[in-house]
Amino acid sequence: RRLFFASALFAGGAALTAVDKKHSAALAFGDNRALAAGVGNLQWETSPVNKRSGITVFDAERAGYNVKFVTYLSRFLLGFDNDCQKWWYSRANDLPRRATAEEVNAMRLQQFGAFSASVEVGLQEYRDPDGPCRLMKALIQRYCPDPEVLVKEREAQGLAPLSDSAIAKQLREIREARRQVALLFGLMESFQPVDA
């Protein structure tokens with residue numbers, strides 16, 4: 001179920017981040033005139049993503065984290081991080097019961113935008129040239145742990161060993177998380193970690 005949820009989020013992110021080359025280049029280089037013209041029916045705004053901290057999408061771009069990267073990382077966290085999943089599911093309570101499918105989609109997209117904005121602010125901790133490598137190591141350490149270490153931790157906590165099927169499921173999830181981290185960092189246009 002978790003893998004299906006993660007796959008659905010990744011597929012949706014790919015559809016949402018599709019932008020033509022001319023305007024994606026304008027976004028990457030901060031050409032506000034080109035952005036103000038909009039892409040199709042989309043109207044671009046240069047207002048800060050987080051007004052409290054003043055961090056904009058352009059700050060993340062300059063740090064090497066493009067919009068596709070931030071979107072994919074947000075979806076990765078919603079697919080693999082329990083706390084992020086709890087937040088996402090709790091936001092479903094904000095939806096009116098009599099909302100149409102279009103209204104629900106619009107509200108969920110707005111909620112996802114708010115979540116992605118907070119992810120973008122968190123990426124500011126990794127904006128130095130070593131940042132992407134540190135971020136990748138942190139993601140691998142947290143979401144792709146060594147299975148033997150997990151077994152030892154369970155023993156140390158006095159928990160019963162996992163069944164063979166539970167171990168197999170855990171190994172599949174770790175393998176999928178590692179694959180998604182590799183795909184995530186493949187979206188970076190600069191400062192891509194290659195040694196880690």
# chains A, B, ... in the order shown; residues from 1 in each chain; ligands from 1

call {"tool": "residues_around", "arguments": {"residues": "range 124-133 of chain A", "least_positions_apart": "2", "cutoff": "6 Å", "atoms": "only C-alpha atoms", "output": "ChimeraX atom specification"}}
result
/A:63,121-122,135-136,193

call {"tool": "residues_around", "arguments": {"residues": "Met107 in chain A", "least_positions_apart": "4", "cutoff": "8 Å", "atoms": "only C-alpha atoms", "output": "CSV table (one decimal) with all heavy atoms, in the first residue's frame"}}
result
chain,number,residue,atom,x,y,z
A,95,LEU,N,-11.0,19.2,4.4
A,95,LEU,CA,-11.8,19.2,3.2
A,95,LEU,C,-13.3,19.1,3.5
A,95,LEU,O,-13.7,18.3,4.4
A,95,LEU,CB,-11.5,17.9,2.3
A,95,LEU,CG,-10.0,17.8,1.8
A,95,LEU,CD1,-9.8,16.5,1.1
A,95,LEU,CD2,-9.6,19.0,0.9
A,103,GLU,N,-13.0,20.6,-6.5
A,103,GLU,CA,-12.7,21.4,-5.3
A,103,GLU,C,-11.7,20.6,-4.5
A,103,GLU,O,-10.7,21.2,-3.9
A,103,GLU,CB,-13.9,21.7,-4.6
A,103,GLU,CG,-14.9,22.7,-5.2
A,103,GLU,CD,-16.2,22.8,-4.6
A,103,GLU,OE1,-16.7,21.8,-3.9
A,103,GLU,OE2,-16.8,23.9,-4.7
A,111,GLN,N,-2.6,22.3,-0.5
A,111,GLN,CA,-2.0,21.7,0.7
A,111,GLN,C,-0.6,21.2,0.3
A,111,GLN,O,0.3,21.3,1.0
A,111,GLN,CB,-2.9,20.6,1.2
A,111,GLN,CG,-4.1,21.1,1.9
A,111,GLN,CD,-5.1,20.0,2.2
A,111,GLN,OE1,-5.0,18.9,1.7
A,111,GLN,NE2,-6.1,20.3,3.1

call {"tool": "closest_residue", "arguments": {"among": "A:Ala114, A:Val104, A:Thr71, A:Glu173", "to": "Cys144 in chain A", "atoms": "only C-alpha atoms"}}
result
A:Glu173
